[in-house]
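Undergrad: I'm passing along upload.pdb; it holds PDB, C-alpha atoms and all ligand atoms.
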```
MODEL        1
ATOM      1  CA  MET Y  25    -107.939  -7.449-103.918
ATOM      2  CA  THR Y  26    -106.736  -9.847-106.606
ATOM      3  CA  ARG Y  27    -107.942 -13.417-106.252
ATOM      4  CA  ARG Y  28    -105.312 -16.082-105.890
ATOM      5  CA  GLN Y  29    -104.784 -18.553-108.631
ATOM      6  CA  LYS Y  30    -105.500 -22.110-107.518
ATOM      7  CA  VAL Y  31    -102.751 -24.379-108.850
ATOM      8  CA  TYR Y  32    -103.860 -27.729-107.424
ATOM      9  CA  GLU Y  33    -106.379 -29.180-105.001
ATOM     10  CA  GLY Y  34    -105.605 -32.470-103.272
ATOM     11  CA  LYS Y  35    -107.470 -34.445-100.640
ATOM     12  CA  ALA Y  36    -106.249 -32.430 -97.654
ATOM     13  CA  LYS Y  37    -104.553 -29.373 -99.134
ATOM     14  CA  ILE Y  38    -104.960 -26.648-101.744
ATOM     15  CA  LEU Y  39    -102.045 -24.955-103.503
ATOM     16  CA  TYR Y  40    -102.303 -21.340-104.646
ATOM     17  CA  ARG Y  41     -99.718 -19.415-106.616
ATOM     18  CA  GLY Y  42     -97.563 -17.277-104.287
ATOM     19  CA  GLN Y  43     -96.682 -13.641-104.861
ATOM     20  CA  ALA Y  44     -92.948 -14.279-105.373
ATOM     21  CA  PRO Y  45     -91.948 -16.353-108.420
ATOM     22  CA  GLY Y  46     -91.340 -20.000-107.599
ATOM     23  CA  THR Y  47     -93.496 -19.927-104.461
ATOM     24  CA  LEU Y  48     -96.855 -21.453-103.586
ATOM     25  CA  VAL Y  49     -99.266 -20.999-100.710
ATOM     26  CA  GLN Y  50    -100.229 -24.340 -99.179
ATOM     27  CA  TYR Y  51    -103.656 -24.254 -97.509
ATOM     28  CA  PHE Y  52    -104.529 -27.029 -95.018
ATOM     29  CA  LYS Y  53    -108.151 -28.188 -95.297
ATOM     30  CA  ASP Y  54    -110.250 -29.872 -92.619
ATOM     31  CA  ASP Y  55    -111.220 -32.554 -95.158
ATOM     32  CA  THR Y  56    -110.196 -35.977 -93.972
ATOM     33  CA  THR Y  57    -110.120 -38.950 -96.308
ATOM     34  CA  ALA Y  58    -108.978 -42.534 -96.167
ATOM     35  CA  PHE Y  59    -108.777 -45.474 -98.557
ATOM     36  CA  ASN Y  60    -108.465 -43.176-101.580
ATOM     37  CA  ARG Y  61    -111.503 -41.047-100.664
ATOM     38  CA  LYS Y  62    -113.799 -44.005 -99.984
ATOM     39  CA  LYS Y  63    -114.086 -42.603 -96.454
ATOM     40  CA  PHE Y  64    -114.583 -38.859 -96.012
ATOM     41  CA  ASP Y  65    -115.352 -36.431 -93.229
ATOM     42  CA  VAL Y  66    -114.678 -32.833 -92.309
ATOM     43  CA  ILE Y  67    -112.937 -32.551 -88.949
ATOM     44  CA  GLU Y  68    -113.191 -28.939 -87.883
ATOM     45  CA  GLY Y  69    -109.813 -27.511 -86.931
ATOM     46  CA  LYS Y  70    -107.749 -30.447 -88.244
ATOM     47  CA  GLY Y  71    -106.140 -28.314 -90.958
ATOM     48  CA  VAL Y  72    -105.027 -25.781 -88.378
ATOM     49  CA  ILE Y  73    -103.480 -28.423 -86.123
ATOM     50  CA  ASN Y  74    -101.673 -30.085 -89.052
ATOM     51  CA  ASN Y  75    -100.382 -26.722 -90.258
ATOM     52  CA  PHE Y  76     -98.864 -25.994 -86.843
ATOM     53  CA  ILE Y  77     -97.421 -29.489 -86.360
ATOM     54  CA  SER Y  78     -96.006 -29.673 -89.871
ATOM     55  CA  SER Y  79     -94.529 -26.154 -89.761
ATOM     56  CA  HIS Y  80     -92.776 -26.997 -86.490
ATOM     57  CA  ILE Y  81     -91.327 -30.230 -87.884
ATOM     58  CA  MET Y  82     -90.264 -28.652 -91.210
ATOM     59  CA  GLN Y  83     -88.514 -25.859 -89.316
ATOM     60  CA  LYS Y  84     -86.635 -28.392 -87.207
ATOM     61  CA  LEU Y  85     -85.682 -30.524 -90.223
ATOM     62  CA  GLY Y  86     -84.371 -27.383 -91.922
ATOM     63  CA  ASP Y  87     -82.322 -26.644 -88.792
ATOM     64  CA  ILE Y  88     -80.528 -30.000 -89.108
ATOM     65  CA  GLY Y  89     -79.812 -29.465 -92.804
ATOM     66  CA  ILE Y  90     -82.622 -31.382 -94.511
ATOM     67  CA  PRO Y  91     -83.716 -29.309 -97.521
ATOM     68  CA  THR Y  92     -87.503 -28.819 -97.515
ATOM     69  CA  HIS Y  93     -90.044 -26.829 -99.491
ATOM     70  CA  PHE Y  94     -91.100 -24.956 -96.335
ATOM     71  CA  ILE Y  95     -90.418 -21.214 -96.229
ATOM     72  CA  LYS Y  96     -92.674 -20.053 -93.391
ATOM     73  CA  ARG Y  97     -96.053 -20.478 -91.740
ATOM     74  CA  MET Y  98     -98.169 -17.569 -92.928
ATOM     75  CA  ASN Y  99    -101.243 -17.907 -90.735
ATOM     76  CA  MET Y 100    -103.450 -20.508 -89.044
ATOM     77  CA  ARG Y 101    -103.996 -22.567 -92.178
ATOM     78  CA  GLU Y 102    -101.311 -21.619 -94.662
ATOM     79  CA  GLN Y 103     -97.629 -22.045 -95.356
ATOM     80  CA  LEU Y 104     -95.482 -20.359 -97.966
ATOM     81  CA  ILE Y 105     -93.499 -23.051 -99.798
ATOM     82  CA  HIS Y 106     -91.118 -23.447-102.728
ATOM     83  CA  GLU Y 107     -92.724 -24.785-105.884
ATOM     84  CA  THR Y 108     -91.156 -28.065-106.951
ATOM     85  CA  GLN Y 109     -91.596 -30.633-109.667
ATOM     86  CA  MET Y 110     -93.091 -33.479-107.655
ATOM     87  CA  ILE Y 111     -91.643 -36.982-107.901
ATOM     88  CA  PRO Y 112     -94.683 -39.299-108.212
ATOM     89  CA  LEU Y 113     -93.759 -41.487-105.241
ATOM     90  CA  GLU Y 114     -94.859 -41.904-101.652
ATOM     91  CA  VAL Y 115     -91.834 -42.953 -99.612
ATOM     92  CA  VAL Y 116     -92.886 -44.828 -96.472
ATOM     93  CA  VAL Y 117     -90.501 -45.537 -93.601
ATOM     94  CA  ARG Y 118     -91.577 -48.129 -91.025
ATOM     95  CA  ASN Y 119     -90.124 -48.816 -87.575
ATOM     96  CA  ILE Y 120     -92.919 -51.011 -86.222
ATOM     97  CA  ALA Y 121     -95.170 -53.327 -88.238
ATOM     98  CA  ALA Y 122     -98.603 -51.758 -88.790
ATOM     99  CA  GLY Y 123    -101.197 -50.915 -91.437
ATOM    100  CA  SER Y 124    -100.826 -52.206 -94.970
ATOM    101  CA  LEU Y 125     -97.561 -54.027 -94.168
ATOM    102  CA  CYS Y 126     -99.403 -56.265 -91.695
ATOM    103  CA  LYS Y 127    -102.310 -56.766 -94.067
ATOM    104  CA  ARG Y 128    -100.059 -57.644 -97.018
ATOM    105  CA  LEU Y 129     -97.750 -60.031 -95.172
ATOM    106  CA  GLY Y 130    -100.047 -61.312 -92.427
ATOM    107  CA  LEU Y 131     -97.942 -59.801 -89.634
ATOM    108  CA  GLU Y 132     -99.031 -58.957 -86.131
ATOM    109  CA  GLU Y 133     -99.383 -55.210 -85.586
ATOM    110  CA  GLY Y 134     -96.917 -53.716 -83.108
ATOM    111  CA  LYS Y 135     -93.866 -55.880 -83.823
ATOM    112  CA  PRO Y 136     -90.720 -53.710 -83.891
ATOM    113  CA  LEU Y 137     -88.720 -54.178 -87.107
ATOM    114  CA  PRO Y 138     -84.986 -55.001 -86.817
ATOM    115  CA  ARG Y 139     -84.180 -51.873 -88.855
ATOM    116  CA  PRO Y 140     -86.189 -49.193 -90.627
ATOM    117  CA  LEU Y 141     -88.003 -50.537 -93.688
ATOM    118  CA  ILE Y 142     -88.330 -48.204 -96.690
ATOM    119  CA  GLU Y 143     -91.154 -48.774 -99.172
ATOM    120  CA  TYR Y 144     -92.186 -46.891-102.293
ATOM    121  CA  TYR Y 145     -95.711 -46.419-103.618
ATOM    122  CA  TYR Y 146     -96.399 -45.056-107.095
ATOM    123  CA  LYS Y 147     -98.708 -42.049-106.712
ATOM    124  CA  ASN Y 148    -101.680 -42.782-108.884
ATOM    125  CA  ASP Y 149    -105.221 -42.553-107.492
ATOM    126  CA  ASP Y 150    -106.702 -44.591-110.351
ATOM    127  CA  LEU Y 151    -104.393 -47.467-109.394
ATOM    128  CA  ASP Y 152    -104.766 -46.931-105.602
ATOM    129  CA  ASP Y 153    -101.055 -46.012-105.192
ATOM    130  CA  PRO Y 154     -99.492 -49.474-105.792
ATOM    131  CA  LEU Y 155     -96.369 -50.674-103.961
ATOM    132  CA  VAL Y 156     -93.347 -50.576-106.303
ATOM    133  CA  SER Y 157     -89.659 -51.491-106.068
ATOM    134  CA  ASP Y 158     -86.542 -49.430-106.763
ATOM    135  CA  GLU Y 159     -86.341 -51.240-110.109
ATOM    136  CA  HIS Y 160     -89.776 -49.906-111.148
ATOM    137  CA  ILE Y 161     -88.695 -46.405-110.147
ATOM    138  CA  LEU Y 162     -85.558 -46.529-112.288
ATOM    139  CA  ILE Y 163     -87.004 -48.413-115.259
ATOM    140  CA  PHE Y 164     -90.066 -46.155-115.555
ATOM    141  CA  GLU Y 165     -87.864 -43.103-114.873
ATOM    142  CA  TRP Y 166     -89.912 -41.710-112.001
ATOM    143  CA  ALA Y 167     -86.496 -40.858-110.486
ATOM    144  CA  ASN Y 168     -82.870 -41.575-111.396
ATOM    145  CA  THR Y 169     -80.283 -43.384-109.252
ATOM    146  CA  PHE Y 170     -78.899 -40.171-107.833
ATOM    147  CA  GLU Y 171     -82.385 -38.942-106.891
ATOM    148  CA  LEU Y 172     -83.374 -42.286-105.405
ATOM    149  CA  ASN Y 173     -80.235 -42.337-103.247
ATOM    150  CA  ALA Y 174     -80.920 -38.769-102.112
ATOM    151  CA  MET Y 175     -84.482 -39.749-101.118
ATOM    152  CA  ILE Y 176     -83.293 -42.834 -99.207
ATOM    153  CA  THR Y 177     -80.613 -40.877 -97.331
ATOM    154  CA  MET Y 178     -83.050 -38.101 -96.429
ATOM    155  CA  ALA Y 179     -85.842 -40.520 -95.473
ATOM    156  CA  LEU Y 180     -83.532 -42.316 -93.022
ATOM    157  CA  ARG Y 181     -82.236 -39.059 -91.535
ATOM    158  CA  ILE Y 182     -85.785 -37.769 -91.165
ATOM    159  CA  ASN Y 183     -86.751 -41.053 -89.502
ATOM    160  CA  ASP Y 184     -83.873 -40.791 -87.002
ATOM    161  CA  PHE Y 185     -84.636 -37.183 -86.204
ATOM    162  CA  LEU Y 186     -88.418 -37.590 -85.982
ATOM    163  CA  SER Y 187     -88.163 -40.760 -83.885
ATOM    164  CA  GLY Y 188     -86.085 -38.801 -81.367
ATOM    165  CA  LEU Y 189     -88.369 -35.773 -81.463
ATOM    166  CA  MET Y 190     -91.421 -37.956 -80.833
ATOM    167  CA  ALA Y 191     -89.697 -40.075 -78.169
ATOM    168  CA  GLY Y 192     -88.969 -36.820 -76.346
ATOM    169  CA  VAL Y 193     -92.713 -36.261 -75.946
ATOM    170  CA  SER Y 194     -93.490 -39.897 -75.153
ATOM    171  CA  LEU Y 195     -94.653 -40.891 -78.637
ATOM    172  CA  LYS Y 196     -93.527 -43.835 -80.775
ATOM    173  CA  LEU Y 197     -93.020 -43.072 -84.456
ATOM    174  CA  VAL Y 198     -94.452 -46.275 -85.922
ATOM    175  CA  ASP Y 199     -94.204 -45.222 -89.575
ATOM    176  CA  PHE Y 200     -94.659 -42.232 -91.864
ATOM    177  CA  LYS Y 201     -95.050 -41.218 -95.500
ATOM    178  CA  ILE Y 202     -93.148 -38.448 -97.262
ATOM    179  CA  GLU Y 203     -92.911 -37.078-100.773
ATOM    180  CA  PHE Y 204     -90.081 -35.316-102.545
ATOM    181  CA  GLY Y 205     -89.782 -32.757-105.331
ATOM    182  CA  ARG Y 206     -87.135 -31.338-107.634
ATOM    183  CA  LEU Y 207     -86.185 -27.736-106.927
ATOM    184  CA  HIS Y 208     -84.820 -26.221-110.114
ATOM    185  CA  GLY Y 209     -82.059 -23.611-109.870
ATOM    186  CA  PRO Y 210     -81.096 -21.030-112.499
ATOM    187  CA  ASP Y 211     -79.001 -23.507-114.539
ATOM    188  CA  GLU Y 212     -80.661 -26.393-116.337
ATOM    189  CA  ASP Y 213     -78.645 -29.042-114.483
ATOM    190  CA  ASP Y 214     -79.016 -27.289-111.130
ATOM    191  CA  VAL Y 215     -81.620 -29.574-109.537
ATOM    192  CA  GLN Y 216     -81.936 -30.379-105.847
ATOM    193  CA  ILE Y 217     -84.154 -33.076-104.330
ATOM    194  CA  ILE Y 218     -86.053 -31.642-101.375
ATOM    195  CA  LEU Y 219     -88.728 -32.823 -98.955
ATOM    196  CA  ALA Y 220     -92.002 -31.489-100.347
ATOM    197  CA  ASP Y 221     -94.828 -32.656 -98.093
ATOM    198  CA  GLU Y 222     -96.505 -32.206 -94.743
ATOM    199  CA  ILE Y 223     -95.555 -34.264 -91.725
ATOM    200  CA  SER Y 224     -98.534 -34.589 -89.382
ATOM    201  CA  PRO Y 225    -100.788 -37.203 -87.770
ATOM    202  CA  ASP Y 226    -102.409 -37.512 -91.238
ATOM    203  CA  SER Y 227     -99.177 -38.954 -92.624
ATOM    204  CA  CYS Y 228     -97.553 -40.629 -89.582
ATOM    205  CA  ARG Y 229     -98.533 -43.369 -87.187
ATOM    206  CA  LEU Y 230     -97.941 -42.139 -83.638
ATOM    207  CA  TRP Y 231     -98.592 -44.254 -80.558
ATOM    208  CA  ASP Y 232     -98.291 -43.237 -76.930
ATOM    209  CA  ALA Y 233     -94.929 -44.616 -75.751
ATOM    210  CA  ILE Y 234     -96.362 -46.207 -72.601
ATOM    211  CA  THR Y 235     -99.922 -47.250 -73.459
ATOM    212  CA  ASN Y 236     -99.665 -47.622 -77.279
ATOM    213  CA  GLU Y 237    -102.787 -45.458 -77.568
ATOM    214  CA  VAL Y 238    -103.248 -44.512 -81.230
ATOM    215  CA  LEU Y 239    -102.902 -40.730 -81.770
ATOM    216  CA  ASP Y 240    -103.038 -40.469 -85.567
ATOM    217  CA  LYS Y 241    -105.291 -40.885 -88.612
ATOM    218  CA  ASP Y 242    -105.865 -44.572 -87.873
ATOM    219  CA  ARG Y 243    -108.475 -43.277 -85.376
ATOM    220  CA  PHE Y 244    -110.394 -42.002 -88.413
ATOM    221  CA  ARG Y 245    -109.587 -44.965 -90.698
ATOM    222  CA  ARG Y 246    -110.757 -47.424 -88.026
ATOM    223  CA  ASP Y 247    -113.693 -45.425 -86.595
ATOM    224  CA  MET Y 248    -112.029 -45.187 -83.183
ATOM    225  CA  GLY Y 249    -113.408 -41.678 -82.457
ATOM    226  CA  GLN Y 250    -111.605 -38.753 -80.770
ATOM    227  CA  VAL Y 251    -109.723 -37.941 -83.987
ATOM    228  CA  LYS Y 252    -109.345 -34.198 -83.439
ATOM    229  CA  GLU Y 253    -108.577 -34.678 -79.754
ATOM    230  CA  SER Y 254    -105.740 -37.050 -80.645
ATOM    231  CA  TYR Y 255    -104.212 -34.657 -83.178
ATOM    232  CA  GLN Y 256    -104.565 -31.915 -80.579
ATOM    233  CA  GLU Y 257    -102.775 -34.087 -78.034
ATOM    234  CA  VAL Y 258     -99.841 -34.567 -80.431
ATOM    235  CA  ALA Y 259     -99.720 -30.777 -80.969
ATOM    236  CA  ARG Y 260     -99.930 -30.161 -77.226
ATOM    237  CA  ARG Y 261     -97.060 -32.555 -76.495
ATOM    238  CA  LEU Y 262     -94.914 -30.931 -79.187
ATOM    239  CA  GLY Y 263     -95.819 -27.525 -77.711
ATOM    240  CA  VAL Y 264     -96.912 -26.108 -81.051
ATOM    241  CA  LEU Y 265    -100.438 -24.781 -80.538
ATOM    242  CA  PRO Y 266    -100.620 -21.221 -79.250
ATOM    243  CA  ASP Y 267    -101.878 -20.932 -75.657
ATOM    244  CA  GLY Y 268    -105.572 -20.383 -75.142
ATOM    245  CA  VAL Y 269    -106.566 -21.306 -78.681
ATOM    246  CA  VAL Y 270    -109.967 -22.960 -78.910
ATOM    247  CA  LEU Y 271    -110.308 -25.247 -81.898
ATOM    248  CA  GLY Y 272    -113.034 -24.309 -84.302
ATOM    249  CA  ARG Y 273    -112.499 -20.635 -83.566
ATOM    250  CA  MET Y 274    -109.002 -20.608 -85.034
ATOM    251  CA  ASP Y 275    -109.959 -20.471 -88.680
ATOM    252  CA  PRO Y 276    -109.051 -17.387 -90.655
ATOM    253  CA  VAL Y 277    -112.094 -15.130 -90.681
ATOM    254  CA  ILE Y 278    -111.625 -14.384 -94.359
ATOM    255  CA  SER Y 279    -111.500 -16.982 -97.095
ATOM    256  CA  PRO Y 280    -108.094 -18.107 -98.423
ATOM    257  CA  ASP Y 281    -108.846 -16.476-101.754
ATOM    258  CA  GLU Y 282    -109.173 -13.107-100.104
ATOM    259  CA  GLU Y 283    -106.533 -13.349 -97.451
ATOM    260  CA  PRO Y 284    -103.522 -11.095 -98.016
ATOM    261  CA  GLU Y 285    -100.137 -12.763 -98.198
ATOM    262  CA  THR Y 286     -97.945 -11.288 -95.484
ATOM    263  CA  PRO Y 287     -94.361 -10.631 -96.619
TER     264      PRO Y 287
HETATM  265  P1  LIG Z 301     -99.959 -47.892 -94.772
HETATM  266  O1  LIG Z 301     -99.596 -48.805 -93.655
HETATM  267  O2  LIG Z 301    -101.443 -47.711 -94.949
HETATM  268  O3  LIG Z 301     -99.258 -48.248 -96.058
HETATM  269  O4  LIG Z 301     -99.413 -46.432 -94.363
HETATM  270  C1  LIG Z 301     -98.061 -46.213 -94.065
HETATM  271  C2  LIG Z 301     -97.884 -44.796 -93.586
HETATM  272  O5  LIG Z 301     -98.133 -43.883 -94.631
HETATM  273  C3  LIG Z 301     -98.817 -44.376 -92.453
HETATM  274  O6  LIG Z 301     -98.092 -43.594 -91.524
HETATM  275  C4  LIG Z 301     -99.884 -43.549 -93.103
HETATM  276  C5  LIG Z 301     -99.170 -42.965 -94.292
HETATM  277  N1  LIG Z 301    -100.033 -42.825 -95.461
HETATM  278  C6  LIG Z 301    -100.245 -41.567 -96.016
HETATM  279  O7  LIG Z 301     -99.750 -40.564 -95.509
HETATM  280  N2  LIG Z 301    -101.031 -41.478 -97.134
HETATM  281  C7  LIG Z 301    -101.587 -42.553 -97.733
HETATM  282  O8  LIG Z 301    -102.268 -42.405 -98.746
HETATM  283  C8  LIG Z 301    -101.345 -43.845 -97.150
HETATM  284  C9  LIG Z 301    -101.963 -45.073 -97.756
HETATM  285  C10 LIG Z 301    -100.567 -43.931 -96.031
ENDMDL
END
```
With the file now loaded, output its structure as structure tokens.
Ligand code: TMP
TA:
Amino acid sequence: MTRRQKVYEGKAKILYRGQAPGTLVQYFKDDTTAFNRKKFDVIEGKGVINNFISSHIMQKLGDIGIPTHFIKRMNMREQLIHETQMIPLEVVVRNIAAGSLCKRLGLEEGKPLPRPLIEYYYKNDDLDDPLVSDEHILIFEWANTFELNAMITMALRINDFLSGLMAGVSLKLVDFKIEFGRLHGPDEDDVQIILADEISPDSCRLWDAITNEVLDKDRFRRDMGQVKESYQEVARRLGVLPDGVVLGRMDPVISPDEEPETP
């Protein structure tokens, strides 16, 4: 069997070239990092849970007309996705004050914001992903006005939809991070901005709606324990993990390099 070509390896995912032109296979690792890799652990089964949660959410966003890179979930750890030219920004939407917003501005965590706050971070590990403004984005040409407006519109729609989805399973969507890419069509000026990321407890803050119990990566960042159990609880509430699956035994038996790509 031919070995897959690795295109990129990030902190939590690996991208392999897909069989069809313009496609990639996105493999979800169990590696868990925080603070730009200063904190690292392997949480067995996390990649599987995130793959299921993210596939479910991408499918639903597609259903309401948000263009995403997601084509299909291939197996326990992999998705087939469209290859895009990534825009080097992390777009964060916040509904409740938490995390770096509180640290930066000295706010109390848990205060609901009067309306969703959108922030942009320039993706650059060497610089620790600094906060930037729309002016930086336009002046340094990371995106143009049209693209920026498309990202804002989509980010707010995703926030509305996800907030409702989470509220339906008694979770508060405190904040989340998303990234976008350019999908190039056959013509040179045929470019569409699409959501090109995962959406999972790695990239969202999710609190229980009644108790405010933290059910996301902050449990890892803050050494709160029960990280996998919390991710599993989110998956259970969303109804996305297959019945009877025992974590740790869900991994593909063969390595991603060897695993055949199902059509
Ligand atoms: P922050 O409060 O640390 O800026 O995080 C805001 C949101 O973005 C939170 O839901 C976690 C998510 N996030 C990522 O997905 N990746 C990152 O590298 C960072 C810093 C945050």
Undergrad: Once you count all atoms listed in the file, what closest atom pair and distance in Å to one decimal does each residue of segment 163-221 of chain Y within 8 Å of segment 231-254 of chain Y have, with rows by chain and rising residue number, as a tab-separated table?
TA:
```
residue	atom	partner	partner_atom	distance
Y:Ala191	CA	Y:Ala233	CA	7.3
Y:Ser194	CA	Y:Ala233	CA	5.0
Y:Leu195	CA	Y:Asp232	CA	4.7
Y:Lys196	CA	Y:Trp231	CA	5.1
Y:Leu197	CA	Y:Trp231	CA	6.9
Y:Val198	CA	Y:Trp231	CA	7.1
```
Undergrad: With all atoms listed in the file as the atoms that count, which of Y:Arg118, Y:Lys84, Y:Lys201, Y:Lys30 lies nearest to Ser224 of chain Y?
TA: Y:Lys201
Undergrad: Rounded to one decimal in Å, what is the spacing between atom N2 of ligand LIG 301 (chain Z) and atom CA of Glu114 of chain Y?
TA: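 Computing it gives 7.7 Å between the two atoms.
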Undergrad: Hey, can I get the axis-aligned box for segment 222-239 of chain Y? All listed atoms, 6 Å padding on each side, centre and edge lengths in Å to one decimal, as lines of an AutoDock Vina configuration file.
TA:
```
center_x = -99.1
center_y = -39.9
center_z = -83.7
size_x = 20.3
size_y = 27.4
size_z = 34.1
```
Undergrad: Please report the interatomic distance between atom CA of Gly205 of chain Y and atom CA of Gln109 of chain Y in Å with one decimal.
TA: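 Calculated distance between atom CA of Gly205 of chain Y and atom CA of Gln109 of chain Y is 5.2 Å.
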Undergrad: Using the chain letters and numbering of this document, enumerate as a PDB file with C-alpha atoms, in the frame of the given file the residues selected by the PyMOL selection byres (((chain Y and resi 133) around 12) and not hetatm).
TA:
```
ATOM      1  CA  ARG Y 118     -91.577 -48.129 -91.025  1.00  0.00           C
ATOM      2  CA  ASN Y 119     -90.124 -48.816 -87.575  1.00  0.00           C
ATOM      3  CA  ILE Y 120     -92.919 -51.011 -86.222  1.00  0.00           C
ATOM      4  CA  ALA Y 121     -95.170 -53.327 -88.238  1.00  0.00           C
ATOM      5  CA  ALA Y 122     -98.603 -51.758 -88.790  1.00  0.00           C
ATOM      6  CA  GLY Y 123    -101.197 -50.915 -91.437  1.00  0.00           C
ATOM      7  CA  SER Y 124    -100.826 -52.206 -94.970  1.00  0.00           C
ATOM      8  CA  LEU Y 125     -97.561 -54.027 -94.168  1.00  0.00           C
ATOM      9  CA  CYS Y 126     -99.403 -56.265 -91.695  1.00  0.00           C
ATOM     10  CA  LYS Y 127    -102.310 -56.766 -94.067  1.00  0.00           C
ATOM     11  CA  ARG Y 128    -100.059 -57.644 -97.018  1.00  0.00           C
ATOM     12  CA  LEU Y 129     -97.750 -60.031 -95.172  1.00  0.00           C
ATOM     13  CA  GLY Y 130    -100.047 -61.312 -92.427  1.00  0.00           C
ATOM     14  CA  LEU Y 131     -97.942 -59.801 -89.634  1.00  0.00           C
ATOM     15  CA  GLU Y 132     -99.031 -58.957 -86.131  1.00  0.00           C
ATOM     16  CA  GLY Y 134     -96.917 -53.716 -83.108  1.00  0.00           C
ATOM     17  CA  LYS Y 135     -93.866 -55.880 -83.823  1.00  0.00           C
ATOM     18  CA  PRO Y 136     -90.720 -53.710 -83.891  1.00  0.00           C
ATOM     19  CA  LEU Y 137     -88.720 -54.178 -87.107  1.00  0.00           C
ATOM     20  CA  VAL Y 198     -94.452 -46.275 -85.922  1.00  0.00           C
ATOM     21  CA  ASP Y 199     -94.204 -45.222 -89.575  1.00  0.00           C
ATOM     22  CA  ARG Y 229     -98.533 -43.369 -87.187  1.00  0.00           C
ATOM     23  CA  ASN Y 236     -99.665 -47.622 -77.279  1.00  0.00           C
TER      24      ASN Y 236
END
```
Undergrad: Have a look at atom CA of Asp153 of chain Y and atom CA of Glu203 of chain Y and let me know their distance in Å, one decimal.
TA: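 One can read the atom CA of Asp153 of chain Y to atom CA of Glu203 of chain Y distance as 12.9 Å.
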Undergrad: If we count only C-alpha atoms and set the cut-off at 9 Å, which residues sit around Ala36 of chain Y, ignoring sequence neighbours fewer than 4 positions away in its own chain? Please answer as JSON, numbers by chain.
TA: {"Y": [51, 52, 53, 54, 55, 56, 57, 71]}
Undergrad: Using only C-alpha atoms and all ligand atoms, pick whichever of Y:Gln256, Y:Asn168, Y:Ser79, Y:Asn60 has the shortest atom-to-atom distance to ligand LIG 301 (chain Z).
TA: Y:Asn60
Undergrad: Write out as a compact mmCIF listing (two decimals) with C-alpha atoms, in the frame of the given file each polymer residue whose atoms come within 12 Å of Asn183 of chain Y, counting all atoms listed in the file; drop sequence neighbours fewer than 6 positions from it.
TA:
```txt
# COMPACT_ATOMS: atom_id res chain seq x y z
CA ILE Y 81 -91.33 -30.23 -87.88
CA LEU Y 85 -85.68 -30.52 -90.22
CA ILE Y 90 -82.62 -31.38 -94.51
CA VAL Y 115 -91.83 -42.95 -99.61
CA VAL Y 116 -92.89 -44.83 -96.47
CA VAL Y 117 -90.50 -45.54 -93.60
CA ARG Y 118 -91.58 -48.13 -91.02
CA ASN Y 119 -90.12 -48.82 -87.58
CA ARG Y 139 -84.18 -51.87 -88.86
CA PRO Y 140 -86.19 -49.19 -90.63
CA LEU Y 141 -88.00 -50.54 -93.69
CA ILE Y 142 -88.33 -48.20 -96.69
CA MET Y 175 -84.48 -39.75 -101.12
CA ILE Y 176 -83.29 -42.83 -99.21
CA THR Y 177 -80.61 -40.88 -97.33
CA LEU Y 189 -88.37 -35.77 -81.46
CA MET Y 190 -91.42 -37.96 -80.83
CA ALA Y 191 -89.70 -40.08 -78.17
CA LYS Y 196 -93.53 -43.84 -80.78
CA LEU Y 197 -93.02 -43.07 -84.46
CA VAL Y 198 -94.45 -46.28 -85.92
CA ASP Y 199 -94.20 -45.22 -89.58
CA PHE Y 200 -94.66 -42.23 -91.86
CA LYS Y 201 -95.05 -41.22 -95.50
CA ILE Y 202 -93.15 -38.45 -97.26
CA ILE Y 223 -95.56 -34.26 -91.72
CA CYS Y 228 -97.55 -40.63 -89.58
```
Undergrad: For Leu265 of chain Y, find every residue with an atom within 7 Å (counting all atoms listed in the file), except residues of its own chain fewer than 4 positions away, and show them as an MDAnalysis selection string.
TA: chainID Y and resid 76 259:260
Undergrad: Which of these residues is nearest to Ile105 of chain Y, using only C-alpha atoms: Y:Gly263, Y:Pro45, Y:Gly34, Y:Gly69?
TA: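 For Ile105 of chain Y, the nearest of the candidates is Y:Pro45.
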Undergrad: Using only C-alpha atoms, give me every residue within 8 Å of (-87.2, -29.3, -109.2) in file coordinates, as a PDB file with C-alpha atoms, in the frame of the given file.
TA:
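Contents of part39.pdb, freshly written:
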```
ATOM      1  CA  GLU Y 107     -92.724 -24.785-105.884  1.00  0.00           C
ATOM      2  CA  THR Y 108     -91.156 -28.065-106.951  1.00  0.00           C
ATOM      3  CA  GLN Y 109     -91.596 -30.633-109.667  1.00  0.00           C
ATOM      4  CA  MET Y 110     -93.091 -33.479-107.655  1.00  0.00           C
ATOM      5  CA  GLY Y 205     -89.782 -32.757-105.331  1.00  0.00           C
ATOM      6  CA  ARG Y 206     -87.135 -31.338-107.634  1.00  0.00           C
ATOM      7  CA  LEU Y 207     -86.185 -27.736-106.927  1.00  0.00           C
ATOM      8  CA  HIS Y 208     -84.820 -26.221-110.114  1.00  0.00           C
ATOM      9  CA  GLY Y 209     -82.059 -23.611-109.870  1.00  0.00           C
ATOM     10  CA  VAL Y 215     -81.620 -29.574-109.537  1.00  0.00           C
ATOM     11  CA  GLN Y 216     -81.936 -30.379-105.847  1.00  0.00           C
ATOM     12  CA  ILE Y 217     -84.154 -33.076-104.330  1.00  0.00           C
TER      13      ILE Y 217
END
```
